[in-house]
file work_0.pdb (PDB, N, CA and C atoms, pLDDT in the B column)
ATOM      1  N   MET A  21      41.085 -65.809-181.020  1.00 47.00           N
ATOM      2  CA  MET A  21      40.569 -66.180-179.723  1.00 47.00           C
ATOM      3  C   MET A  21      39.498 -67.242-179.932  1.00 47.00           C
ATOM      4  N   ASP A  22      39.574 -68.323-179.186  1.00 50.00           N
ATOM      5  CA  ASP A  22      38.612 -69.411-179.306  1.00 50.00           C
ATOM      6  C   ASP A  22      37.561 -69.305-178.214  1.00 50.00           C
ATOM      7  N   LEU A  23      36.374 -69.742-178.520  1.00 51.00           N
ATOM      8  CA  LEU A  23      35.250 -69.695-177.599  1.00 51.00           C
ATOM      9  C   LEU A  23      35.045 -71.069-176.981  1.00 51.00           C
ATOM     10  N   LEU A  24      34.837 -71.106-175.684  1.00 50.00           N
ATOM     11  CA  LEU A  24      34.566 -72.360-174.990  1.00 50.00           C
ATOM     12  C   LEU A  24      33.104 -72.718-175.211  1.00 50.00           C
ATOM     13  N   ILE A  25      32.863 -73.863-175.789  1.00 49.00           N
ATOM     14  CA  ILE A  25      31.502 -74.308-176.076  1.00 49.00           C
ATOM     15  C   ILE A  25      31.221 -75.571-175.268  1.00 49.00           C
ATOM     16  N   LYS A  26      30.165 -75.532-174.431  1.00 51.00           N
ATOM     17  CA  LYS A  26      29.815 -76.680-173.599  1.00 51.00           C
ATOM     18  C   LYS A  26      29.480 -77.861-174.499  1.00 51.00           C
ATOM     19  N   GLY A  27      30.073 -78.988-174.195  1.00 50.00           N
ATOM     20  CA  GLY A  27      29.839 -80.193-174.972  1.00 50.00           C
ATOM     21  C   GLY A  27      30.829 -80.382-176.106  1.00 50.00           C
ATOM     22  N   ASP A  28      31.651 -79.389-176.361  1.00 48.00           N
ATOM     23  CA  ASP A  28      32.661 -79.487-177.411  1.00 48.00           C
ATOM     24  C   ASP A  28      33.797 -80.362-176.889  1.00 48.00           C
ATOM     25  N   SER A  29      34.109 -81.419-177.580  1.00 48.00           N
ATOM     26  CA  SER A  29      35.130 -82.355-177.100  1.00 48.00           C
ATOM     27  C   SER A  29      36.535 -81.764-177.131  1.00 48.00           C
ATOM     28  N   THR A  30      36.734 -80.675-177.884  1.00 48.00           N
ATOM     29  CA  THR A  30      38.061 -80.075-177.942  1.00 48.00           C
ATOM     30  C   THR A  30      38.273 -79.047-176.838  1.00 48.00           C
ATOM     31  N   LEU A  31      37.221 -78.552-176.210  1.00 46.00           N
ATOM     32  CA  LEU A  31      37.259 -77.593-175.104  1.00 46.00           C
ATOM     33  C   LEU A  31      38.329 -76.514-175.292  1.00 46.00           C
ATOM     34  N   LYS A  32      38.017 -75.537-176.082  1.00 53.00           N
ATOM     35  CA  LYS A  32      38.925 -74.420-176.322  1.00 53.00           C
ATOM     36  C   LYS A  32      38.690 -73.363-175.265  1.00 53.00           C
ATOM     37  N   GLU A  33      39.728 -72.678-174.857  1.00 61.00           N
ATOM     38  CA  GLU A  33      39.600 -71.658-173.818  1.00 61.00           C
ATOM     39  C   GLU A  33      39.233 -70.307-174.415  1.00 61.00           C
ATOM     40  N   PHE A  34      38.690 -69.469-173.595  1.00 73.00           N
ATOM     41  CA  PHE A  34      38.286 -68.127-173.994  1.00 73.00           C
ATOM     42  C   PHE A  34      39.180 -67.127-173.284  1.00 73.00           C
ATOM     43  N   GLY A  35      39.818 -66.248-174.014  1.00 80.00           N
ATOM     44  CA  GLY A  35      40.670 -65.247-173.417  1.00 80.00           C
ATOM     45  C   GLY A  35      42.143 -65.569-173.559  1.00 80.00           C
ATOM     46  N   PRO A  36      43.002 -64.719-172.984  1.00 86.00           N
ATOM     47  CA  PRO A  36      44.447 -64.924-173.090  1.00 86.00           C
ATOM     48  C   PRO A  36      44.921 -66.142-172.298  1.00 86.00           C
ATOM     49  N   ASP A  37      45.990 -66.737-172.754  1.00 87.00           N
ATOM     50  CA  ASP A  37      46.580 -67.896-172.099  1.00 87.00           C
ATOM     51  C   ASP A  37      47.225 -67.466-170.782  1.00 87.00           C
ATOM     52  N   PRO A  38      46.759 -67.980-169.620  1.00 88.00           N
ATOM     53  CA  PRO A  38      47.335 -67.577-168.340  1.00 88.00           C
ATOM     54  C   PRO A  38      48.775 -68.053-168.148  1.00 88.00           C
ATOM     55  N   ASN A  39      49.256 -68.922-169.021  1.00 90.00           N
ATOM     56  CA  ASN A  39      50.631 -69.406-168.920  1.00 90.00           C
ATOM     57  C   ASN A  39      51.600 -68.642-169.814  1.00 90.00           C
ATOM     58  N   ALA A  40      51.076 -67.682-170.545  1.00 90.00           N
ATOM     59  CA  ALA A  40      51.928 -66.853-171.402  1.00 90.00           C
ATOM     60  C   ALA A  40      52.563 -65.741-170.566  1.00 90.00           C
ATOM     61  N   LYS A  41      53.817 -65.459-170.822  1.00 91.00           N
ATOM     62  CA  LYS A  41      54.493 -64.379-170.104  1.00 91.00           C
ATOM     63  C   LYS A  41      53.841 -63.045-170.452  1.00 91.00           C
ATOM     64  N   PHE A  42      53.588 -62.831-171.729  1.00 91.00           N
ATOM     65  CA  PHE A  42      52.938 -61.609-172.204  1.00 91.00           C
ATOM     66  C   PHE A  42      51.599 -62.006-172.822  1.00 91.00           C
ATOM     67  N   PRO A  43      50.479 -61.666-172.173  1.00 89.00           N
ATOM     68  CA  PRO A  43      49.166 -62.089-172.657  1.00 89.00           C
ATOM     69  C   PRO A  43      48.743 -61.439-173.965  1.00 89.00           C
ATOM     70  N   ASN A  44      49.335 -60.303-174.312  1.00 88.00           N
ATOM     71  CA  ASN A  44      49.016 -59.622-175.558  1.00 88.00           C
ATOM     72  C   ASN A  44      50.329 -59.232-176.227  1.00 88.00           C
ATOM     73  N   ALA A  45      50.625 -59.870-177.341  1.00 86.00           N
ATOM     74  CA  ALA A  45      51.890 -59.626-178.038  1.00 86.00           C
ATOM     75  C   ALA A  45      52.023 -58.173-178.493  1.00 86.00           C
ATOM     76  N   ASN A  46      50.910 -57.462-178.608  1.00 89.00           N
ATOM     77  CA  ASN A  46      50.938 -56.063-179.040  1.00 89.00           C
ATOM     78  C   ASN A  46      51.239 -55.097-177.894  1.00 89.00           C
ATOM     79  N   ILE A  47      51.259 -55.601-176.660  1.00 90.00           N
ATOM     80  CA  ILE A  47      51.542 -54.756-175.498  1.00 90.00           C
ATOM     81  C   ILE A  47      52.689 -55.391-174.697  1.00 90.00           C
ATOM     82  N   PRO A  48      53.931 -55.172-175.106  1.00 88.00           N
ATOM     83  CA  PRO A  48      55.066 -55.822-174.437  1.00 88.00           C
ATOM     84  C   PRO A  48      55.345 -55.307-173.025  1.00 88.00           C
ATOM     85  N   SER A  49      54.705 -54.231-172.627  1.00 91.00           N
ATOM     86  CA  SER A  49      54.906 -53.702-171.274  1.00 91.00           C
ATOM     87  C   SER A  49      54.013 -54.389-170.245  1.00 91.00           C
ATOM     88  N   LEU A  50      53.113 -55.254-170.692  1.00 92.00           N
ATOM     89  CA  LEU A  50      52.158 -55.923-169.817  1.00 92.00           C
ATOM     90  C   LEU A  50      52.496 -57.411-169.707  1.00 92.00           C
ATOM     91  N   CYS A  51      52.636 -57.916-168.473  1.00 92.00           N
ATOM     92  CA  CYS A  51      52.918 -59.345-168.310  1.00 92.00           C
ATOM     93  C   CYS A  51      52.118 -59.923-167.156  1.00 92.00           C
ATOM     94  N   TYR A  52      51.914 -61.226-167.209  1.00 92.00           N
ATOM     95  CA  TYR A  52      51.318 -61.946-166.082  1.00 92.00           C
ATOM     96  C   TYR A  52      52.428 -62.187-165.074  1.00 92.00           C
ATOM     97  N   ILE A  53      52.236 -61.701-163.862  1.00 91.00           N
ATOM     98  CA  ILE A  53      53.286 -61.743-162.841  1.00 91.00           C
ATOM     99  C   ILE A  53      53.717 -63.166-162.510  1.00 91.00           C
ATOM    100  N   LYS A  54      52.765 -64.103-162.441  1.00 92.00           N
ATOM    101  CA  LYS A  54      53.122 -65.465-162.019  1.00 92.00           C
ATOM    102  C   LYS A  54      54.113 -66.137-162.963  1.00 92.00           C
ATOM    103  N   ASN A  55      54.210 -65.633-164.183  1.00 92.00           N
ATOM    104  CA  ASN A  55      55.115 -66.231-165.161  1.00 92.00           C
ATOM    105  C   ASN A  55      56.498 -65.597-165.181  1.00 92.00           C
ATOM    106  N   VAL A  56      56.727 -64.593-164.321  1.00 90.00           N
ATOM    107  CA  VAL A  56      58.051 -63.963-164.261  1.00 90.00           C
ATOM    108  C   VAL A  56      58.659 -63.972-162.867  1.00 90.00           C
ATOM    109  N   ILE A  57      57.861 -64.254-161.840  1.00 91.00           N
ATOM    110  CA  ILE A  57      58.413 -64.238-160.481  1.00 91.00           C
ATOM    111  C   ILE A  57      59.221 -65.506-160.195  1.00 91.00           C
ATOM    112  N   THR A  58      60.212 -65.358-159.328  1.00 91.00           N
ATOM    113  CA  THR A  58      61.037 -66.498-158.937  1.00 91.00           C
ATOM    114  C   THR A  58      61.041 -66.702-157.426  1.00 91.00           C
ATOM    115  N   ARG A  59      60.571 -65.716-156.681  1.00 89.00           N
ATOM    116  CA  ARG A  59      60.592 -65.796-155.216  1.00 89.00           C
ATOM    117  C   ARG A  59      59.363 -66.533-154.694  1.00 89.00           C
ATOM    118  N   PRO A  60      59.576 -67.517-153.818  1.00 90.00           N
ATOM    119  CA  PRO A  60      58.446 -68.302-153.312  1.00 90.00           C
ATOM    120  C   PRO A  60      57.516 -67.531-152.372  1.00 90.00           C
ATOM    121  N   ASN A  61      57.968 -66.391-151.856  1.00 88.00           N
ATOM    122  CA  ASN A  61      57.125 -65.628-150.931  1.00 88.00           C
ATOM    123  C   ASN A  61      56.182 -64.660-151.655  1.00 88.00           C
ATOM    124  N   ILE A  62      56.222 -64.637-152.971  1.00 87.00           N
ATOM    125  CA  ILE A  62      55.303 -63.821-153.757  1.00 87.00           C
ATOM    126  C   ILE A  62      54.232 -64.744-154.319  1.00 87.00           C
ATOM    127  N   ILE A  63      53.000 -64.515-153.915  1.00 89.00           N
ATOM    128  CA  ILE A  63      51.883 -65.367-154.337  1.00 89.00           C
ATOM    129  C   ILE A  63      50.893 -64.508-155.120  1.00 89.00           C
ATOM    130  N   VAL A  64      50.606 -64.918-156.345  1.00 90.00           N
ATOM    131  CA  VAL A  64      49.676 -64.182-157.194  1.00 90.00           C
ATOM    132  C   VAL A  64      48.760 -65.158-157.919  1.00 90.00           C
ATOM    133  N   GLY A  65      47.658 -64.655-158.428  1.00 90.00           N
ATOM    134  CA  GLY A  65      46.708 -65.469-159.177  1.00 90.00           C
ATOM    135  C   GLY A  65      47.125 -65.639-160.633  1.00 90.00           C
ATOM    136  N   ASP A  66      46.408 -66.491-161.335  1.00 89.00           N
ATOM    137  CA  ASP A  66      46.711 -66.786-162.733  1.00 89.00           C
ATOM    138  C   ASP A  66      46.639 -65.559-163.639  1.00 89.00           C
ATOM    139  N   TYR A  67      45.709 -64.664-163.364  1.00 89.00           N
ATOM    140  CA  TYR A  67      45.501 -63.520-164.251  1.00 89.00           C
ATOM    141  C   TYR A  67      45.964 -62.195-163.640  1.00 89.00           C
ATOM    142  N   THR A  68      46.816 -62.239-162.625  1.00 91.00           N
ATOM    143  CA  THR A  68      47.350 -61.019-162.031  1.00 91.00           C
ATOM    144  C   THR A  68      48.420 -60.473-162.972  1.00 91.00           C
ATOM    145  N   TYR A  69      48.253 -59.229-163.358  1.00 90.00           N
ATOM    146  CA  TYR A  69      49.196 -58.664-164.319  1.00 90.00           C
ATOM    147  C   TYR A  69      49.860 -57.396-163.795  1.00 90.00           C
ATOM    148  N   TYR A  70      50.939 -57.023-164.461  1.00 89.00           N
ATOM    149  CA  TYR A  70      51.706 -55.834-164.120  1.00 89.00           C
ATOM    150  C   TYR A  70      52.083 -55.141-165.427  1.00 89.00           C
ATOM    151  N   ASP A  71      51.961 -53.843-165.460  1.00 90.00           N
ATOM    152  CA  ASP A  71      52.258 -53.071-166.660  1.00 90.00           C
ATOM    153  C   ASP A  71      53.333 -52.033-166.336  1.00 90.00           C
ATOM    154  N   ASP A  72      54.437 -52.085-167.057  1.00 88.00           N
ATOM    155  CA  ASP A  72      55.542 -51.150-166.822  1.00 88.00           C
ATOM    156  C   ASP A  72      56.300 -50.961-168.136  1.00 88.00           C
ATOM    157  N   ILE A  73      56.357 -49.741-168.622  1.00 88.00           N
ATOM    158  CA  ILE A  73      57.038 -49.503-169.895  1.00 88.00           C
ATOM    159  C   ILE A  73      58.545 -49.733-169.815  1.00 88.00           C
ATOM    160  N   ASP A  74      59.085 -49.784-168.583  1.00 84.00           N
ATOM    161  CA  ASP A  74      60.518 -50.046-168.405  1.00 84.00           C
ATOM    162  C   ASP A  74      60.828 -51.525-168.237  1.00 84.00           C
ATOM    163  N   GLY A  75      59.834 -52.385-168.396  1.00 85.00           N
ATOM    164  CA  GLY A  75      60.056 -53.823-168.302  1.00 85.00           C
ATOM    165  C   GLY A  75      59.206 -54.471-167.226  1.00 85.00           C
ATOM    166  N   ALA A  76      58.052 -54.927-167.600  1.00 85.00           N
ATOM    167  CA  ALA A  76      57.139 -55.546-166.645  1.00 85.00           C
ATOM    168  C   ALA A  76      57.724 -56.814-166.026  1.00 85.00           C
ATOM    169  N   GLU A  77      58.638 -57.456-166.727  1.00 84.00           N
ATOM    170  CA  GLU A  77      59.253 -58.678-166.205  1.00 84.00           C
ATOM    171  C   GLU A  77      60.183 -58.395-165.026  1.00 84.00           C
ATOM    172  N   ASN A  78      60.420 -57.131-164.727  1.00 83.00           N
ATOM    173  CA  ASN A  78      61.265 -56.733-163.595  1.00 83.00           C
ATOM    174  C   ASN A  78      60.440 -56.496-162.332  1.00 83.00           C
ATOM    175  N   PHE A  79      59.312 -57.138-162.218  1.00 84.00           N
ATOM    176  CA  PHE A  79      58.399 -56.948-161.096  1.00 84.00           C
ATOM    177  C   PHE A  79      59.073 -57.151-159.740  1.00 84.00           C
ATOM    178  N   GLU A  80      60.013 -58.080-159.650  1.00 84.00           N
ATOM    179  CA  GLU A  80      60.657 -58.387-158.370  1.00 84.00           C
ATOM    180  C   GLU A  80      61.718 -57.369-157.955  1.00 84.00           C
ATOM    181  N   ASN A  81      61.922 -56.359-158.746  1.00 78.00           N
ATOM    182  CA  ASN A  81      62.875 -55.312-158.399  1.00 78.00           C
ATOM    183  C   ASN A  81      62.509 -54.762-157.023  1.00 78.00           C
ATOM    184  N   PRO A  82      63.444 -54.730-156.076  1.00 67.00           N
ATOM    185  CA  PRO A  82      63.127 -54.281-154.714  1.00 67.00           C
ATOM    186  C   PRO A  82      62.477 -52.918-154.620  1.00 67.00           C
ATOM    187  N   SER A  83      62.726 -52.030-155.561  1.00 66.00           N
ATOM    188  CA  SER A  83      62.104 -50.710-155.494  1.00 66.00           C
ATOM    189  C   SER A  83      60.614 -50.749-155.812  1.00 66.00           C
ATOM    190  N   LEU A  84      60.129 -51.874-156.341  1.00 59.00           N
ATOM    191  CA  LEU A  84      58.713 -51.993-156.691  1.00 59.00           C
ATOM    192  C   LEU A  84      57.903 -52.721-155.627  1.00 59.00           C
ATOM    193  N   LEU A  85      58.540 -53.568-154.840  1.00 59.00           N
ATOM    194  CA  LEU A  85      57.812 -54.388-153.886  1.00 59.00           C
ATOM    195  C   LEU A  85      57.420 -53.589-152.654  1.00 59.00           C
ATOM    196  N   ILE A  86      56.181 -53.769-152.241  1.00 64.00           N
ATOM    197  CA  ILE A  86      55.669 -53.117-151.048  1.00 64.00           C
ATOM    198  C   ILE A  86      55.271 -54.226-150.061  1.00 64.00           C
ATOM    199  N   PRO A  87      55.873 -54.271-148.898  1.00 65.00           N
ATOM    200  CA  PRO A  87      55.536 -55.351-147.953  1.00 65.00           C
ATOM    201  C   PRO A  87      54.088 -55.233-147.474  1.00 65.00           C
ATOM    202  N   SER A  88      53.449 -56.378-147.342  1.00 64.00           N
ATOM    203  CA  SER A  88      52.081 -56.370-146.812  1.00 64.00           C
ATOM    204  C   SER A  88      52.118 -56.415-145.296  1.00 64.00           C
ATOM    205  N   ILE A  89      51.129 -55.852-144.684  1.00 60.00           N
ATOM    206  CA  ILE A  89      51.091 -55.781-143.232  1.00 60.00           C
ATOM    207  C   ILE A  89      50.027 -56.719-142.707  1.00 60.00           C
TER     208      ILE A  89
END
call {"tool": "encode", "arguments": {"input": "work_0.pdb", "output": "structure tokens"}}
result
Amino acid sequence: MDLLIKGDSTLKEFGPDPNAKFPNANIPSLCYIKNVITRPNIIVGDYTYYDDIDGAENFENPSLLIPSI
């Protein structure tokens, strides 16, 4: 993990890569939702995650989605 240092010309980020499907290779049940969704009506933040031992990448499964009111 790299530390962000002010004034450092290389500007390294701190923490997991928000563009990675699985932010921690040691926890395959945990994924960042924005990197697995395909439906345009699902809006999530960069660090919104979902954990499911049966496959976190299956977040869009209709049995998991709860409509917002």
call {"tool": "atom_distance", "arguments": {"input": "work_0.pdb", "atom1": "CA of Ile62 in chain A", "atom2": "CA of Phe42 in chain A"}}
result
18.7 Å
call {"tool": "resolve_selection", "arguments": {"input": "work_0.pdb", "expression": "the PyMOL selection byres (((chain A and resi 66-71 and name CA) around 7) and name CA)", "output": "PDB file with N, CA and C atoms, keeping the file's coordinate frame"}}
result
ATOM      1  N   PRO A  38      46.759 -67.980-169.620  1.00 88.00           N
ATOM      2  CA  PRO A  38      47.335 -67.577-168.340  1.00 88.00           C
ATOM      3  C   PRO A  38      48.775 -68.053-168.148  1.00 88.00           C
ATOM      4  N   SER A  49      54.705 -54.231-172.627  1.00 91.00           N
ATOM      5  CA  SER A  49      54.906 -53.702-171.274  1.00 91.00           C
ATOM      6  C   SER A  49      54.013 -54.389-170.245  1.00 91.00           C
ATOM      7  N   LEU A  50      53.113 -55.254-170.692  1.00 92.00           N
ATOM      8  CA  LEU A  50      52.158 -55.923-169.817  1.00 92.00           C
ATOM      9  C   LEU A  50      52.496 -57.411-169.707  1.00 92.00           C
ATOM     10  N   CYS A  51      52.636 -57.916-168.473  1.00 92.00           N
ATOM     11  CA  CYS A  51      52.918 -59.345-168.310  1.00 92.00           C
ATOM     12  C   CYS A  51      52.118 -59.923-167.156  1.00 92.00           C
ATOM     13  N   TYR A  52      51.914 -61.226-167.209  1.00 92.00           N
ATOM     14  CA  TYR A  52      51.318 -61.946-166.082  1.00 92.00           C
ATOM     15  C   TYR A  52      52.428 -62.187-165.074  1.00 92.00           C
ATOM     16  N   ILE A  53      52.236 -61.701-163.862  1.00 91.00           N
ATOM     17  CA  ILE A  53      53.286 -61.743-162.841  1.00 91.00           C
ATOM     18  C   ILE A  53      53.717 -63.166-162.510  1.00 91.00           C
ATOM     19  N   LYS A  54      52.765 -64.103-162.441  1.00 92.00           N
ATOM     20  CA  LYS A  54      53.122 -65.465-162.019  1.00 92.00           C
ATOM     21  C   LYS A  54      54.113 -66.137-162.963  1.00 92.00           C
ATOM     22  N   VAL A  64      50.606 -64.918-156.345  1.00 90.00           N
ATOM     23  CA  VAL A  64      49.676 -64.182-157.194  1.00 90.00           C
ATOM     24  C   VAL A  64      48.760 -65.158-157.919  1.00 90.00           C
ATOM     25  N   GLY A  65      47.658 -64.655-158.428  1.00 90.00           N
ATOM     26  CA  GLY A  65      46.708 -65.469-159.177  1.00 90.00           C
ATOM     27  C   GLY A  65      47.125 -65.639-160.633  1.00 90.00           C
ATOM     28  N   ASP A  72      54.437 -52.085-167.057  1.00 88.00           N
ATOM     29  CA  ASP A  72      55.542 -51.150-166.822  1.00 88.00           C
ATOM     30  C   ASP A  72      56.300 -50.961-168.136  1.00 88.00           C
ATOM     31  N   ILE A  73      56.357 -49.741-168.622  1.00 88.00           N
ATOM     32  CA  ILE A  73      57.038 -49.503-169.895  1.00 88.00           C
ATOM     33  C   ILE A  73      58.545 -49.733-169.815  1.00 88.00           C
ATOM     34  N   ALA A  76      58.052 -54.927-167.600  1.00 85.00           N
ATOM     35  CA  ALA A  76      57.139 -55.546-166.645  1.00 85.00           C
ATOM     36  C   ALA A  76      57.724 -56.814-166.026  1.00 85.00           C
TER      37      ALA A  76
END
call {"tool": "atom_distance", "arguments": {"input": "work_0.pdb", "atom1": "atom N of Pro36 in chain A", "atom2": "atom C of Thr58 in chain A"}}
result
23.9 Å
call {"tool": "axis_aligned_box", "arguments": {"input": "work_0.pdb", "around": "range 53-57 of chain A", "padding_each_side": "4 Å", "output": "AutoDock Vina command-line options"}}
result
--center_x 55.7 --center_y -64.0 --center_z -162.7 --size_x 15.0 --size_y 12.5 --size_z 13.0
call {"tool": "atom_distance", "arguments": {"input": "work_0.pdb", "atom1": "CA of Ile47 in chain A", "atom2": "atom C of Ile63 in chain A"}}
result
22.6 Å
call {"tool": "closest_residue", "arguments": {"input": "work_0.pdb", "among": "A:Gly35, A:Ala45, A:Val56, A:Ala40", "to": "Glu77 in chain A", "atoms": "all atoms listed in the file"}}
result
A:Val56
call {"tool": "decode", "arguments": {"input": "work_0.pdb", "residues": "range 33-46 of chain A", "atoms": "N, CA, C and O atoms", "output": "short mmCIF file (atom, residue, chain, number, x, y, z; two decimals), in the first residue's frame"}}
result
data_model
loop_
_atom_site.label_atom_id
_atom_site.label_comp_id
_atom_site.auth_asym_id
_atom_site.auth_seq_id
_atom_site.Cartn_x
_atom_site.Cartn_y
_atom_site.Cartn_z
N GLU A 33 -1.60 6.68 -4.41
CA GLU A 33 -2.86 6.65 -3.67
C GLU A 33 -2.73 5.81 -2.40
O GLU A 33 -1.85 4.97 -2.28
N PHE A 34 -3.61 6.06 -1.48
CA PHE A 34 -3.64 5.34 -0.21
C PHE A 34 -4.90 4.50 -0.17
O PHE A 34 -5.99 5.01 -0.36
N GLY A 35 -4.77 3.22 0.07
CA GLY A 35 -5.92 2.35 0.15
C GLY A 35 -6.11 1.51 -1.10
O GLY A 35 -5.32 1.56 -2.03
N PRO A 36 -7.19 0.71 -1.13
CA PRO A 36 -7.45 -0.16 -2.27
C PRO A 36 -7.83 0.62 -3.53
O PRO A 36 -8.38 1.71 -3.44
N ASP A 37 -7.52 0.05 -4.66
CA ASP A 37 -7.83 0.66 -5.95
C ASP A 37 -9.34 0.60 -6.18
O ASP A 37 -9.91 -0.49 -6.26
N PRO A 38 -10.04 1.76 -6.31
CA PRO A 38 -11.48 1.74 -6.51
C PRO A 38 -11.90 1.17 -7.87
O PRO A 38 -13.07 0.90 -8.10
N ASN A 39 -10.95 0.96 -8.76
CA ASN A 39 -11.26 0.39 -10.07
C ASN A 39 -11.04 -1.12 -10.14
O ASN A 39 -11.28 -1.74 -11.16
N ALA A 40 -10.61 -1.69 -9.03
CA ALA A 40 -10.41 -3.14 -8.97
C ALA A 40 -11.75 -3.82 -8.68
O ALA A 40 -12.54 -3.33 -7.89
N LYS A 41 -12.00 -4.93 -9.33
CA LYS A 41 -13.23 -5.67 -9.07
C LYS A 41 -13.24 -6.19 -7.64
O LYS A 41 -14.22 -6.09 -6.92
N PHE A 42 -12.12 -6.75 -7.22
CA PHE A 42 -11.97 -7.27 -5.86
C PHE A 42 -10.88 -6.45 -5.17
O PHE A 42 -9.70 -6.58 -5.51
N PRO A 43 -11.25 -5.61 -4.20
CA PRO A 43 -10.28 -4.73 -3.55
C PRO A 43 -9.24 -5.45 -2.70
O PRO A 43 -8.18 -4.92 -2.45
N ASN A 44 -9.54 -6.67 -2.27
CA ASN A 44 -8.60 -7.45 -1.48
C ASN A 44 -8.55 -8.86 -2.06
O ASN A 44 -9.51 -9.62 -1.97
N ALA A 45 -7.42 -9.20 -2.64
CA ALA A 45 -7.27 -10.50 -3.30
C ALA A 45 -7.45 -11.66 -2.32
O ALA A 45 -7.78 -12.77 -2.72
N ASN A 46 -7.29 -11.40 -1.03
CA ASN A 46 -7.44 -12.45 -0.02
C ASN A 46 -8.90 -12.68 0.38
O ASN A 46 -9.18 -13.62 1.12
#
